[in-house]
>>> print(open('model.cif').read())   # mmCIF, C-alpha atoms
data_query
loop_
_atom_site.label_atom_id
_atom_site.label_comp_id
_atom_site.auth_asym_id
_atom_site.auth_seq_id
_atom_site.Cartn_x
_atom_site.Cartn_y
_atom_site.Cartn_z
CA MET L 1 103.02 142.28 92.88
CA ALA L 2 105.91 142.49 95.33
CA ARG L 3 104.99 142.23 98.97
CA VAL L 4 106.12 144.86 101.46
CA LEU L 5 107.59 143.20 104.54
CA MET L 6 107.42 145.07 107.83
CA THR L 7 110.00 144.78 110.59
CA GLU L 8 109.88 146.21 114.08
CA SER L 9 111.99 149.21 113.15
CA ALA L 10 112.04 149.57 109.41
CA LEU L 11 110.26 148.95 106.17
CA ILE L 12 112.02 146.83 103.59
CA PRO L 13 111.08 148.41 100.25
CA PRO L 14 109.44 146.19 97.64
CA ASP L 15 112.39 146.58 95.24
CA ASP L 16 114.74 145.27 97.96
CA VAL L 17 112.56 142.19 98.37
CA ARG L 18 112.58 141.71 94.60
CA ILE L 19 116.38 141.88 94.58
CA ILE L 20 116.53 139.31 97.39
CA ARG L 21 114.30 137.01 95.38
CA ALA L 22 116.41 137.54 92.24
CA LEU L 23 119.53 136.56 94.18
CA GLN L 24 117.79 133.45 95.50
CA ILE L 25 117.18 132.39 91.92
CA ALA L 26 120.59 133.41 90.52
CA PRO L 27 122.96 134.20 93.43
CA ARG L 28 125.97 134.93 91.22
CA ALA L 29 124.12 136.89 88.54
CA SER L 30 125.70 140.26 87.75
CA PHE L 31 124.05 143.44 88.97
CA ALA L 32 123.52 144.33 85.30
CA ALA L 33 121.64 141.05 84.65
CA ILE L 34 119.48 141.52 87.75
CA ALA L 35 118.76 145.14 86.80
CA THR L 36 117.68 144.14 83.30
CA ALA L 37 115.38 141.40 84.61
CA LEU L 38 113.76 143.65 87.21
CA GLY L 39 113.57 146.85 85.20
CA LEU L 40 115.93 148.74 87.53
CA THR L 41 119.24 150.48 86.96
CA GLU L 42 122.48 148.62 87.64
CA GLY L 43 123.53 151.31 90.10
CA ALA L 44 120.27 150.98 92.05
CA VAL L 45 120.65 147.20 92.34
CA ASN L 46 124.27 147.61 93.46
CA ARG L 47 123.39 150.19 96.13
CA ARG L 48 120.39 148.29 97.45
CA TYR L 49 122.31 145.02 97.68
CA ARG L 50 125.20 146.63 99.53
CA ARG L 51 122.81 148.31 101.95
CA LEU L 52 121.02 145.02 102.65
CA ARG L 53 124.37 143.37 103.25
CA ALA L 54 125.65 146.19 105.47
CA ASN L 55 122.43 146.05 107.52
CA GLY L 56 122.85 142.32 108.11
CA VAL L 57 119.72 141.34 106.17
CA ILE L 58 121.46 139.21 103.55
CA ARG L 59 124.73 137.41 102.84
CA VAL L 60 125.64 135.41 99.76
CA VAL L 61 128.13 132.72 100.73
CA GLY L 62 129.54 129.45 99.49
CA VAL L 63 128.62 126.64 101.92
CA VAL L 64 130.56 123.37 101.76
CA ASN L 65 128.63 120.10 101.84
CA PRO L 66 130.75 117.53 103.73
CA GLY L 67 128.48 114.75 102.44
CA ALA L 68 129.91 115.25 98.95
CA LEU L 69 133.33 114.61 100.49
CA GLY L 70 132.15 111.39 102.13
CA GLN L 71 131.45 112.74 105.63
CA SER L 72 128.19 112.38 107.54
CA ARG L 73 126.27 115.26 109.10
CA TRP L 74 124.79 115.28 112.60
CA LEU L 75 122.22 117.24 114.59
CA VAL L 76 123.13 117.66 118.25
CA ARG L 77 120.83 118.67 121.13
CA LEU L 78 122.52 119.65 124.38
CA ARG L 79 120.74 120.01 127.70
CA CYS L 80 122.84 122.35 129.81
CA ARG L 81 123.01 123.64 133.35
CA PRO L 82 121.18 126.94 133.92
CA GLY L 83 123.33 129.94 133.15
CA SER L 84 125.75 128.04 130.91
CA VAL L 85 123.97 127.95 127.55
CA ALA L 86 125.23 131.30 126.24
CA ALA L 87 128.88 130.40 126.81
CA ILE L 88 128.48 126.93 125.31
CA ALA L 89 126.61 128.28 122.28
CA ASP L 90 129.29 130.91 121.72
CA ALA L 91 132.08 128.33 121.95
CA LEU L 92 130.32 126.08 119.46
CA ALA L 93 129.67 128.97 117.07
CA LYS L 94 133.40 129.72 116.94
CA ARG L 95 134.09 126.30 115.44
CA ASP L 96 134.28 126.06 111.67
CA ASP L 97 132.85 122.53 111.82
CA ILE L 98 129.59 123.78 113.37
CA ASN L 99 127.26 125.20 110.73
CA TRP L 100 124.48 126.61 112.91
CA VAL L 101 123.74 127.06 116.59
CA ALA L 102 120.40 127.89 118.22
CA LEU L 103 119.31 128.53 121.80
CA GLY L 104 116.04 126.94 122.92
CA ALA L 105 113.36 129.16 124.41
CA ALA L 106 113.47 127.13 127.62
CA GLY L 107 116.89 128.66 128.25
CA CYS L 108 118.77 125.44 128.90
CA GLU L 109 118.98 123.80 125.47
CA VAL L 110 121.45 124.31 122.63
CA THR L 111 120.88 122.75 119.21
CA CYS L 112 123.61 122.68 116.58
CA ALA L 113 124.56 120.97 113.33
CA THR L 114 128.00 119.57 112.58
CA GLN L 115 129.72 120.12 109.24
CA SER L 116 132.86 118.13 110.05
CA ARG L 117 135.21 117.69 107.11
CA THR L 118 136.90 114.62 108.64
CA ARG L 119 135.83 111.70 110.81
CA GLU L 120 138.49 112.61 113.37
CA GLN L 121 137.16 116.14 113.66
CA ARG L 122 133.60 114.89 114.23
CA GLU L 123 134.63 112.31 116.83
CA ASP L 124 136.76 114.86 118.64
CA LEU L 125 133.66 117.01 119.12
CA LEU L 126 130.98 114.37 119.77
CA VAL L 127 133.01 111.74 121.63
CA GLN L 128 135.68 113.73 123.42
CA ARG L 129 134.94 117.41 124.00
CA LEU L 130 131.18 117.74 124.50
CA PRO L 131 130.79 114.75 126.87
CA ARG L 132 133.61 116.16 129.02
CA THR L 133 132.09 119.64 129.25
CA ALA L 134 130.91 119.95 132.86
CA ALA L 135 127.98 122.26 132.02
CA VAL L 136 126.50 119.72 129.57
CA ILE L 137 123.95 117.52 131.33
CA ASP L 138 122.78 115.44 128.37
CA ILE L 139 123.68 114.96 124.69
CA ASN L 140 121.44 113.64 121.94
CA ALA L 141 123.15 113.29 118.55
CA SER L 142 121.21 112.25 115.44
CA ALA L 143 122.68 111.44 112.05
CA MET L 144 121.00 113.03 109.03
CA LEU L 145 119.75 110.22 106.80
CA ARG L 146 117.99 112.01 103.95
CA GLN L 147 117.65 115.73 103.26
CA PHE L 148 114.31 116.87 101.85
CA LEU L 149 114.95 120.62 101.92
CA GLY L 150 118.14 122.52 102.57
CA GLY L 151 121.18 123.84 100.83
CA ARG L 152 119.77 126.65 98.79
CA GLY L 153 116.51 125.94 100.58
CA HIS L 154 116.54 129.58 101.59
CA TYR L 155 115.27 130.07 98.09
CA TRP L 156 112.24 130.08 100.38
CA SER L 157 108.93 129.38 98.81
CA ALA L 158 107.76 132.09 101.23
CA LEU L 159 108.98 134.61 98.64
CA GLN L 160 107.32 132.93 95.68
CA GLY L 161 105.23 135.40 93.71
CA THR L 162 107.57 138.28 94.49
CA LEU L 163 108.70 138.21 90.86
CA SER L 164 106.62 137.44 87.81
CA PRO L 165 107.30 134.26 85.81
CA ARG L 166 108.78 136.46 83.07
CA GLU L 167 111.20 138.12 85.50
CA GLU L 168 112.26 134.78 86.95
CA ALA L 169 112.78 133.35 83.48
CA ALA L 170 114.97 136.34 82.58
CA LEU L 171 117.25 135.42 85.46
CA GLY L 172 117.74 131.95 84.06
CA SER L 173 115.60 130.08 86.58
CA GLY L 174 116.21 126.41 85.96
CA GLY L 175 113.83 124.87 88.49
CA PRO L 176 114.15 124.18 92.23
CA PRO L 177 117.55 125.03 93.77
CA PHE L 178 117.56 121.86 95.86
CA THR L 179 116.34 118.36 95.19
CA GLU L 180 115.95 115.53 97.69
CA SER L 181 119.19 113.62 97.96
CA PRO L 182 121.24 111.29 100.18
CA VAL L 183 123.21 113.14 102.84
CA VAL L 184 126.45 111.27 102.06
CA THR L 185 127.38 110.53 98.46
CA ARG L 186 128.66 107.10 97.50
CA GLU L 187 131.33 108.62 95.26
CA PRO L 188 133.02 111.36 97.31
CA LEU L 189 135.12 113.97 95.55
CA ARG L 190 138.73 114.55 96.54
CA LEU L 191 139.61 118.22 96.84
CA THR L 192 142.81 119.73 95.50
CA PRO L 193 144.71 122.50 97.34
CA GLU L 194 143.34 124.92 94.71
CA ASP L 195 139.79 123.73 95.45
CA GLU L 196 140.31 124.44 99.15
CA LYS L 197 141.43 127.99 98.41
CA LEU L 198 138.48 128.46 96.07
CA LEU L 199 136.08 127.28 98.76
CA ASP L 200 137.64 129.63 101.32
CA ALA L 201 137.14 132.57 98.95
CA LEU L 202 133.50 131.59 98.34
CA ALA L 203 132.90 131.26 102.09
CA ALA L 204 133.93 134.91 102.44
CA ASP L 205 131.83 136.07 99.49
CA GLY L 206 129.68 133.82 97.32
CA ARG L 207 129.51 136.58 94.70
CA ALA L 208 133.27 137.00 94.40
CA SER L 209 134.26 137.59 90.78
CA LEU L 210 136.05 134.92 88.78
CA VAL L 211 139.13 137.16 88.77
CA ASP L 212 139.11 137.30 92.58
CA LEU L 213 138.46 133.56 92.85
CA ALA L 214 141.27 132.84 90.41
CA THR L 215 143.66 135.07 92.38
CA ALA L 216 142.74 133.43 95.68
CA ALA L 217 143.14 129.91 94.26
CA GLU L 218 146.23 130.79 92.19
CA LEU L 219 144.49 129.72 88.98
CA THR L 220 143.59 131.38 85.70
CA PRO L 221 140.03 132.77 85.52
CA GLY L 222 139.11 130.07 83.00
CA ARG L 223 140.41 127.30 85.21
CA ALA L 224 138.72 128.84 88.27
CA SER L 225 135.42 128.95 86.35
CA ARG L 226 135.68 125.26 85.40
CA ARG L 227 136.58 124.19 88.93
CA LEU L 228 133.71 126.21 90.37
CA GLU L 229 131.26 124.60 87.96
CA ALA L 230 132.58 121.13 88.85
CA LEU L 231 132.27 121.82 92.59
CA LEU L 232 128.70 123.06 92.13
CA GLN L 233 127.69 120.10 89.96
CA HIS L 234 129.10 117.61 92.47
CA ARG L 235 127.31 119.51 95.29
CA VAL L 236 130.57 120.05 97.11
CA VAL L 237 129.46 123.65 97.58
CA HIS L 238 126.27 125.59 97.06
CA ILE L 239 125.88 129.35 96.85
CA ASP L 240 123.53 130.16 99.70
CA VAL L 241 121.54 133.36 100.00
CA GLU L 242 121.46 133.62 103.76
CA LEU L 243 118.66 135.78 105.18
CA ALA L 244 118.01 137.31 108.59
CA ALA L 245 114.49 135.96 109.01
CA ALA L 246 113.51 138.54 111.62
CA ALA L 247 114.46 141.37 109.26
CA LEU L 248 111.85 140.04 106.85
CA GLY L 249 109.15 139.92 109.51
CA TYR L 250 109.54 136.28 110.65
CA HIS L 251 109.91 136.63 114.43
CA ALA L 252 108.77 133.17 115.59
CA ARG L 253 111.14 130.33 114.79
CA ALA L 254 110.98 126.74 115.96
CA HIS L 255 112.62 123.37 115.58
CA LEU L 256 110.09 120.65 114.84
CA TRP L 257 110.89 117.12 115.98
CA LEU L 258 108.47 114.64 114.43
CA ARG L 259 107.90 110.96 115.05
CA VAL L 260 106.37 109.54 111.88
CA HIS L 261 105.49 105.95 110.98
CA PRO L 262 108.51 104.56 109.07
CA SER L 263 106.43 103.92 105.96
CA ALA L 264 105.38 107.59 105.86
CA VAL L 265 108.75 109.30 106.45
CA LYS L 266 109.44 110.03 102.78
CA THR L 267 105.94 111.33 102.13
CA ALA L 268 105.99 113.53 105.23
CA GLY L 269 109.45 114.89 104.43
CA ARG L 270 108.49 115.76 100.87
CA THR L 271 105.30 117.43 102.07
CA LEU L 272 107.25 119.54 104.56
CA ALA L 273 109.63 120.62 101.79
CA GLN L 274 106.69 122.25 99.98
CA GLU L 275 105.51 124.30 102.93
CA PRO L 276 106.40 128.04 102.73
CA GLU L 277 107.18 128.18 106.46
CA ILE L 278 109.76 125.38 106.32
CA ALA L 279 113.40 126.34 105.71
CA PHE L 280 114.94 122.90 106.36
CA ALA L 281 113.70 119.32 106.59
CA ALA L 282 115.53 116.01 106.95
CA ALA L 283 115.05 112.43 108.04
CA ILE L 284 117.25 111.64 111.04
CA SER L 285 118.18 108.75 113.28
CA GLY L 286 116.82 108.37 116.80
CA PRO L 287 113.38 108.52 118.43
CA TRP L 288 112.39 111.57 116.38
CA ASN L 289 112.82 110.53 112.75
CA ILE L 290 112.18 113.91 111.04
CA HIS L 291 113.62 117.29 111.95
CA ALA L 292 112.43 120.56 110.41
CA VAL L 293 112.96 124.27 110.97
CA ALA L 294 109.95 126.58 110.71
CA HIS L 295 109.79 130.37 110.39
CA THR L 296 106.54 132.22 111.03
CA ARG L 297 105.63 135.83 111.75
CA ASP L 298 104.46 135.20 115.31
CA LEU L 299 103.65 132.44 117.78
CA ASP L 300 99.98 132.38 116.83
CA GLU L 301 100.90 131.70 113.22
CA LEU L 302 103.30 129.00 114.43
CA PHE L 303 100.46 127.41 116.41
CA GLU L 304 98.09 127.46 113.43
CA PHE L 305 100.77 126.04 111.14
CA THR L 306 101.83 123.20 113.44
CA SER L 307 98.37 122.24 114.65
CA GLU L 308 96.59 122.32 111.29
CA ARG L 309 99.06 121.60 108.51
CA ILE L 310 101.81 119.71 110.32
CA GLY L 311 99.35 118.00 112.64
CA SER L 312 97.49 116.53 109.67
CA LEU L 313 100.55 114.89 108.09
CA THR L 314 99.90 111.30 107.13
CA GLY L 315 101.63 108.92 109.53
CA LEU L 316 102.41 111.54 112.18
CA GLN L 317 102.50 109.91 115.62
CA SER L 318 103.84 112.72 117.80
CA MET L 319 105.55 116.09 117.54
CA GLU L 320 107.67 118.38 119.70
CA VAL L 321 107.65 122.09 118.87
CA SER L 322 110.79 123.69 120.33
CA PRO L 323 110.70 127.50 119.93
CA VAL L 324 114.04 129.14 119.25
CA LEU L 325 115.08 131.91 121.62
CA LYS L 326 117.73 133.08 119.18
CA TYR L 327 120.12 131.88 116.51
CA VAL L 328 123.77 132.39 117.33
CA LYS L 329 124.95 131.11 113.95
CA GLN L 330 123.32 129.98 110.72
CA ALA L 331 124.89 128.70 107.49
CA GLY L 332 128.30 129.51 108.97
CA THR L 333 127.41 133.15 109.71
CA ARG L 334 127.24 134.61 113.21
CA LEU L 335 124.18 136.64 114.21
CA LEU L 336 123.88 139.59 116.56
CA ASP L 337 120.46 140.96 117.48
CA ASP L 338 118.90 138.89 114.67
CA ARG L 339 121.21 140.40 112.04
CA LEU L 340 123.90 138.59 110.06
CA VAL L 341 127.43 139.59 111.05
CA GLU L 342 129.95 139.57 108.25
CA PRO L 343 133.20 137.88 109.35
CA SER L 344 136.22 140.14 109.67
CA SER L 345 138.02 137.94 107.12
CA ALA L 346 135.35 138.79 104.53
CA ARG L 347 135.60 142.51 105.24
CA ALA L 348 139.38 142.37 105.00
CA ARG L 349 139.19 140.44 101.74
CA ARG L 350 137.24 143.21 100.04
CA SER L 351 139.86 145.77 101.06
CA GLU L 352 142.88 143.75 99.94
CA ALA L 353 144.37 144.29 96.53
CA VAL L 354 145.28 140.61 96.35
CA PRO L 355 142.71 138.53 98.29
CA ARG L 356 144.06 135.62 100.30
CA PRO L 357 141.88 133.01 102.02
CA ALA L 358 141.72 133.11 105.78
CA ALA L 359 143.26 130.17 107.62
CA ARG L 360 140.81 127.68 109.08
CA GLN L 361 140.68 127.73 112.87
CA TYR L 362 139.00 125.08 114.97
CA ARG L 363 138.31 126.08 118.53
CA THR L 364 137.42 123.85 121.37
CA CYS L 365 134.06 123.91 123.05
#
>>> encode(input="model.cif", output="structure tokens")
Amino acid sequence: MARVLMTESALIPPDDVRIIRALQIAPRASFAAIATALGLTEGAVNRRYRRLRANGVIRVVGVVNPGALGQSRWLVRLRCRPGSVAAIADALAKRDDINWVALGAAGCEVTCATQSRTREQREDLLVQRLPRTAAVIDINASAMLRQFLGGRGHYWSALQGTLSPREEAALGSGGPPFTESPVVTREPLRLTPEDEKLLDALAADGRASLVDLATAAELTPGRASRRLEALLQHRVVHIDVELAAAALGYHARAHLWLRVHPSAVKTAGRTLAQEPEIAFAAAISGPWNIHAVAHTRDLDELFEFTSERIGSLTGLQSMEVSPVLKYVKQAGTRLLDDRLVEPSSARARRSEAVPRPAARQYRTC
């Protein structure tokens, strides 16, 4: 039976939660296919999805994986002077090479993740700009070494059971949306100009039709379909169902920094990936060798989760629980008052007769 999720100001109807779960399983499935699987009308699915999107509860977007292009990914923790964190976080969030930005509850820490497409771009940020920012007191950058949960990790096992096995099978569920993998592939793919345009269109709307994708990339629909499939298979891009966690009742969020015995890192990471509260988990370089992101309904639930289930991990030596004051950006999407904000480029794309990808802009910190 579908669960009803309460928020502070509204009730998300069970059918909306079922639609969210259906999109997690098959993010590009047609409204007709989702309606058939869930026993709803196509019009009802269409209206409910558009309302969820307009309310900032959900966005379906194409997220590029720089590791498939041969580039590493980094987690960066900044300790800042009091009163400066908001401005620094906002500047970082404006950069296309920063995938997510969070403010620490202590009020003087910013955590972000780089998605740099080139080595020069990454070094410009980590070696040149951030160290020279006067308000930054300290920088700790860790390379991601192995990802245990991520990508379409917002498939979220927290929503398991929302649909019956029969309903999930009707959507074409083919198993987990993400499998453990190296962060940087040994055989990077080289993108064509058409691929870049296709990725820009998917970044605006991961559910864009093949006709719209073909128009944006200046390809035929058949060619666009084949290129999309190739990009998905090579993990150059994944179609992410981005959720506003607070809208679904998850008001306590935290970054977990774990120090685990080296021989137990893989086991601990794989265990974390199975926990419903965990949205991301990776092995990283540095004194903390595992980083994870947890979402719980309140701080008491966060305490129970970290003290009982995380605290009992085999090989765990120490842990830092860093509550998140707020997310400024996640999966490339800005947030305002815990709601996803659709970029103006995406709104404009829907109103254009002939969609054209927005130019990439990289802003300094």
>>> residues_around(input="model.cif", residues="Ile34 in chain L", least_positions_apart="2", cutoff="12 Å", atoms="all atoms listed in the file", output="PyMOL selection string")
chain L and resi 15-16+18-32+36-46+48-49+163+167-172
>>> resolve_selection(input="model.cif", expression="the PyMOL selection byres ((chain L and resi 194) around 10)", output="NGL selection string")
:L and (191-193 or 195-200 or 214 or 216-219 or 224 or 227)
>>> resolve_selection(input="model.cif", expression="the PyMOL selection byres ((chain L and resi 77) around 9)", output="PyMOL selection string")
chain L and resi 75-76+78-79+109-113+138-142
>>> write_last_selection(input="model.cif", atoms="C-alpha atoms", output="PDB file, in the frame of the given file")
ATOM      1  CA  LEU L  75     122.220 117.240 114.590  1.00  0.00           C
ATOM      2  CA  VAL L  76     123.130 117.660 118.250  1.00  0.00           C
ATOM      3  CA  LEU L  78     122.520 119.650 124.380  1.00  0.00           C
ATOM      4  CA  ARG L  79     120.740 120.010 127.700  1.00  0.00           C
ATOM      5  CA  GLU L 109     118.980 123.800 125.470  1.00  0.00           C
ATOM      6  CA  VAL L 110     121.450 124.310 122.630  1.00  0.00           C
ATOM      7  CA  THR L 111     120.880 122.750 119.210  1.00  0.00           C
ATOM      8  CA  CYS L 112     123.610 122.680 116.580  1.00  0.00           C
ATOM      9  CA  ALA L 113     124.560 120.970 113.330  1.00  0.00           C
ATOM     10  CA  ASP L 138     122.780 115.440 128.370  1.00  0.00           C
ATOM     11  CA  ILE L 139     123.680 114.960 124.690  1.00  0.00           C
ATOM     12  CA  ASN L 140     121.440 113.640 121.940  1.00  0.00           C
ATOM     13  CA  ALA L 141     123.150 113.290 118.550  1.00  0.00           C
ATOM     14  CA  SER L 142     121.210 112.250 115.440  1.00  0.00           C
TER      15      SER L 142
END
>>> resolve_selection(input="model.cif", expression="the PyMOL selection byres ((chain L and resi 312-315) around 7)", output="VMD selection string")
chain L and resid 260 to 261 264 268 308 to 311 316 to 317
>>> closest_residue(input="model.cif", among="L:Glu187, L:Glu120, L:Asp300, L:Asp96", to="Gln330 in chain L", atoms="only C-alpha atoms")
L:Asp96
